[in-house]
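Visitor: Following this line is protein_25.txt, made up of compact mmCIF, C-alpha atoms and all ligand atoms:
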```txt
# COMPACT_ATOMS: atom_id res chain seq x y z
CA MET A 1 -18.65 6.01 -3.50
CA THR A 2 -17.78 5.07 -7.04
CA ASP A 3 -14.18 4.14 -7.70
CA ARG A 4 -12.20 3.77 -10.86
CA TRP A 5 -9.57 1.09 -11.34
CA ILE A 6 -6.29 2.19 -12.83
CA ASP A 7 -3.57 -0.11 -14.17
CA ILE A 8 -0.25 0.64 -12.47
CA GLY A 9 1.92 -2.09 -13.99
CA THR A 10 2.69 -5.74 -13.44
CA ILE A 11 3.27 -7.59 -10.21
CA HIS A 12 6.84 -8.19 -11.39
CA ASP A 13 7.49 -4.45 -11.27
CA ILE A 14 7.56 -4.79 -7.46
CA PRO A 15 10.15 -7.07 -5.85
CA ARG A 16 8.87 -9.61 -3.32
CA LEU A 17 8.85 -8.00 0.15
CA GLY A 18 9.18 -4.64 -1.57
CA ALA A 19 7.07 -1.69 -2.56
CA ARG A 20 6.77 0.98 -5.18
CA THR A 21 5.09 4.32 -4.94
CA VAL A 22 2.39 5.59 -7.25
CA PRO A 23 1.75 9.34 -7.29
CA THR A 24 -1.94 10.27 -7.16
CA PRO A 25 -3.70 13.60 -6.74
CA LEU A 26 -4.38 12.57 -3.14
CA GLY A 27 -0.72 11.85 -2.41
CA ASP A 28 1.72 9.04 -2.98
CA VAL A 29 0.39 5.54 -2.60
CA ALA A 30 2.70 2.70 -1.55
CA VAL A 31 1.90 -0.59 -3.27
CA PHE A 32 3.42 -3.58 -1.46
CA ARG A 33 4.08 -7.13 -2.59
CA THR A 34 4.42 -9.79 0.07
CA GLY A 35 6.56 -12.92 -0.04
CA THR A 36 3.46 -14.85 -1.10
CA ASP A 37 2.61 -12.42 -3.92
CA ARG A 38 -0.27 -10.71 -2.18
CA VAL A 39 -0.53 -7.01 -3.05
CA PHE A 40 -1.71 -4.21 -0.77
CA ALA A 41 -1.95 -0.43 -1.16
CA LEU A 42 -1.68 2.21 1.56
CA PHE A 43 -1.07 5.92 1.34
CA ASP A 44 2.65 6.38 1.84
CA ARG A 45 2.31 8.08 5.21
CA CYS A 46 2.80 6.36 8.53
CA PRO A 47 0.00 7.13 11.04
CA HIS A 48 2.68 8.03 13.58
CA LYS A 49 4.59 10.97 12.05
CA GLY A 50 4.10 10.49 8.35
CA GLY A 51 7.13 8.30 7.63
CA PRO A 52 7.41 6.75 4.16
CA LEU A 53 5.95 3.28 4.59
CA SER A 54 7.13 2.37 1.07
CA GLN A 55 10.68 2.35 2.46
CA GLY A 56 9.84 0.08 5.37
CA ILE A 57 10.59 -3.59 5.84
CA VAL A 58 7.80 -5.93 4.71
CA HIS A 59 7.38 -9.09 6.76
CA GLY A 60 4.40 -11.38 6.51
CA GLU A 61 1.49 -9.05 5.81
CA SER A 62 2.91 -6.10 7.75
CA VAL A 63 5.40 -3.33 7.14
CA ALA A 64 7.72 -1.80 9.73
CA CYS A 65 7.98 1.96 9.33
CA PRO A 66 11.58 3.02 8.64
CA LEU A 67 11.44 5.97 11.04
CA HIS A 68 10.39 4.59 14.43
CA ASN A 69 9.58 1.00 13.63
CA TRP A 70 5.84 1.03 14.14
CA VAL A 71 4.35 -2.08 12.56
CA ILE A 72 1.46 -1.45 10.19
CA ASP A 73 -0.93 -4.17 9.04
CA LEU A 74 -1.01 -4.11 5.24
CA GLU A 75 -4.55 -5.46 5.04
CA THR A 76 -6.16 -2.85 7.27
CA GLY A 77 -3.57 -0.07 7.60
CA ALA A 78 -3.86 -0.30 11.38
CA ALA A 79 -0.84 0.09 13.63
CA ARG A 80 -0.09 -2.94 15.76
CA ALA A 81 -0.78 -2.50 19.50
CA PRO A 82 0.29 -0.84 21.70
CA ASP A 83 0.59 1.79 18.96
CA LYS A 84 -2.59 3.36 17.68
CA GLY A 85 -3.56 4.84 14.36
CA CYS A 86 -4.36 3.78 10.87
CA ALA A 87 -2.81 4.43 7.47
CA ARG A 88 -5.42 5.00 4.79
CA LYS A 89 -5.75 2.04 2.48
CA LEU A 90 -6.88 1.70 -1.10
CA ALA A 91 -8.39 -1.31 -2.80
CA VAL A 92 -6.00 -3.10 -5.11
CA ARG A 93 -6.25 -6.32 -7.08
CA VAL A 94 -4.18 -8.36 -9.48
CA GLU A 95 -5.67 -9.55 -12.76
CA GLU A 96 -3.59 -11.64 -15.13
CA GLY A 97 -0.45 -10.27 -13.55
CA ARG A 98 -1.50 -6.61 -13.84
CA ILE A 99 -1.99 -4.54 -10.70
CA LEU A 100 -5.17 -2.51 -10.60
CA LEU A 101 -5.52 0.24 -8.03
CA SER A 102 -8.85 1.76 -7.06
CA LEU A 103 -9.06 5.54 -6.90
CA PRO A 104 -12.14 7.58 -6.03
CA LEU A 105 -13.76 8.48 -9.36
CA ALA A 106 -13.71 12.21 -8.67
CA VAL A 107 -9.92 12.00 -8.36
CA ALA A 108 -9.18 9.52 -11.12
CA ALA A 109 -11.29 11.25 -13.76
S1 LIG B 201 6.76 7.92 11.48
FE1 LIG B 201 6.39 5.81 11.29
S2 LIG B 201 6.92 4.99 13.20
FE2 LIG B 201 7.22 7.11 13.43
```
If you convert what's in this file into structure tokens, what do you get?
Ligand code: FES
Guide:
Amino acid sequence: MTDRWIDIGTIHDIPRLGARTVPTPLGDVAVFRTGTDRVFALFDRCPHKGGPLSQGIVHGESVACPLHNWVIDLETGAARAPDKGCARKLAVRVEEGRILLSLPLAVAA
């Protein structure tokens, strides 16, 4: 599948251990910044009951969902055992301080 990279702002727009949401035609995407300035993007829906992951607590490279405290791995979107499920992730990268988010071309066009 071909993707298109869109510029969503600078890394400084997101506080460390925080997140911001980016609306897309596929739904809101939560873009997270870790304490070590790594950036990850997941759709803003917990695999449990759709809680807003963007409002969760980031620790290490995980986020705890604010509703029932499931812990979601930011790299893969997978819920930590014994919970099961996976939030959908999107590719994201940082170039010269700008955050670029990958959207499927059919959506981004
Ligand atoms: S909705 Fe996220 S833990 Fe329940």
Visitor: Which one of A:Pro15, A:Gly27, A:Gly60, A:Gly9 sits closest to Val92 of chain A if you count only C-alpha atoms?
Guide: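 Nearest candidate to Val92 of chain A out of A:Pro15, A:Gly27, A:Gly60, A:Gly9: A:Gly9.
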Visitor: Would you please work out which residue, of A:Phe43, A:Asp37, A:Cys65, A:Ala91, is nearest to Pro25 of chain A when using only C-alpha atoms?
Guide: A:Phe43
Visitor: Put a box with edges along x, y and z around all the listed atoms of ligand LIG 201 (chain B), pad it by 3 Å on each side, then give me its centre and sizes in Å, one decimal, as lines of an AutoDock Vina configuration file.
Guide:
```
center_x = 6.8
center_y = 6.5
center_z = 12.4
size_x = 6.8
size_y = 8.9
size_z = 8.1
```
Visitor: Give the residues close to ligand LIG 201 (chain B), within 10 Å, counting all atoms listed in the file; write them as a PyMOL selection string.
Guide: chain A and resi 45-53+56+64-72+79+83
Visitor: Between A:Leu42, A:Leu17, A:Leu100, A:Val31, which has the minimum distance to Ala78 of chain A (counting all atoms listed in the file)?
Guide: A:Leu42
Visitor: Counting all atoms listed in the file, which residues come within 9 Å of (-0.3, -0.1, 2.9), with the point read in the file's coordinates, and could you list them as a PyMOL selection string?
Guide: chain A and resi 29-32+40-45+53-54+62-63+72-77+87-90
Visitor: Go ahead and write the selection's residues with C-alpha atoms as a PDB file, keeping the file's coordinate frame.
Guide:
```pdb
ATOM      1  CA  VAL A  29       0.390   5.540  -2.600  1.00  0.00           C
ATOM      2  CA  ALA A  30       2.700   2.700  -1.550  1.00  0.00           C
ATOM      3  CA  VAL A  31       1.900  -0.590  -3.270  1.00  0.00           C
ATOM      4  CA  PHE A  32       3.420  -3.580  -1.460  1.00  0.00           C
ATOM      5  CA  PHE A  40      -1.710  -4.210  -0.770  1.00  0.00           C
ATOM      6  CA  ALA A  41      -1.950  -0.430  -1.160  1.00  0.00           C
ATOM      7  CA  LEU A  42      -1.680   2.210   1.560  1.00  0.00           C
ATOM      8  CA  PHE A  43      -1.070   5.920   1.340  1.00  0.00           C
ATOM      9  CA  ASP A  44       2.650   6.380   1.840  1.00  0.00           C
ATOM     10  CA  ARG A  45       2.310   8.080   5.210  1.00  0.00           C
ATOM     11  CA  LEU A  53       5.950   3.280   4.590  1.00  0.00           C
ATOM     12  CA  SER A  54       7.130   2.370   1.070  1.00  0.00           C
ATOM     13  CA  SER A  62       2.910  -6.100   7.750  1.00  0.00           C
ATOM     14  CA  VAL A  63       5.400  -3.330   7.140  1.00  0.00           C
ATOM     15  CA  ILE A  72       1.460  -1.450  10.190  1.00  0.00           C
ATOM     16  CA  ASP A  73      -0.930  -4.170   9.040  1.00  0.00           C
ATOM     17  CA  LEU A  74      -1.010  -4.110   5.240  1.00  0.00           C
ATOM     18  CA  GLU A  75      -4.550  -5.460   5.040  1.00  0.00           C
ATOM     19  CA  THR A  76      -6.160  -2.850   7.270  1.00  0.00           C
ATOM     20  CA  GLY A  77      -3.570  -0.070   7.600  1.00  0.00           C
ATOM     21  CA  ALA A  87      -2.810   4.430   7.470  1.00  0.00           C
ATOM     22  CA  ARG A  88      -5.420   5.000   4.790  1.00  0.00           C
ATOM     23  CA  LYS A  89      -5.750   2.040   2.480  1.00  0.00           C
ATOM     24  CA  LEU A  90      -6.880   1.700  -1.100  1.00  0.00           C
TER      25      LEU A  90
END
```
Visitor: Using all atoms listed in the file, pick whichever of A:Leu26, A:Ala81, A:Ile57, A:Val39 has the shortest atom-to-atom distance to Ile99 of chain A.
Guide: A:Val39
Visitor: If you measure from atom CA of His59 of chain A to atom CA of Ile8 of chain A, what distance in Å do you get, rounded to one decimal?
Guide: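 Atom CA of Ile8 of chain A lies 22.9 Å from atom CA of His59 of chain A.
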Visitor: Could you tell me how far atom CA of Pro82 of chain A lies from atom CA of Val22 of chain A, in Å and to one decimal?
Guide: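 Separation of atom CA of Pro82 of chain A and atom CA of Val22 of chain A: 29.7 Å.
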Visitor: Measure the distance from atom CA of Glu96 of chain A to atom CA of Thr36 of chain A in Å and round it to one decimal.
Guide: 16.0 Å
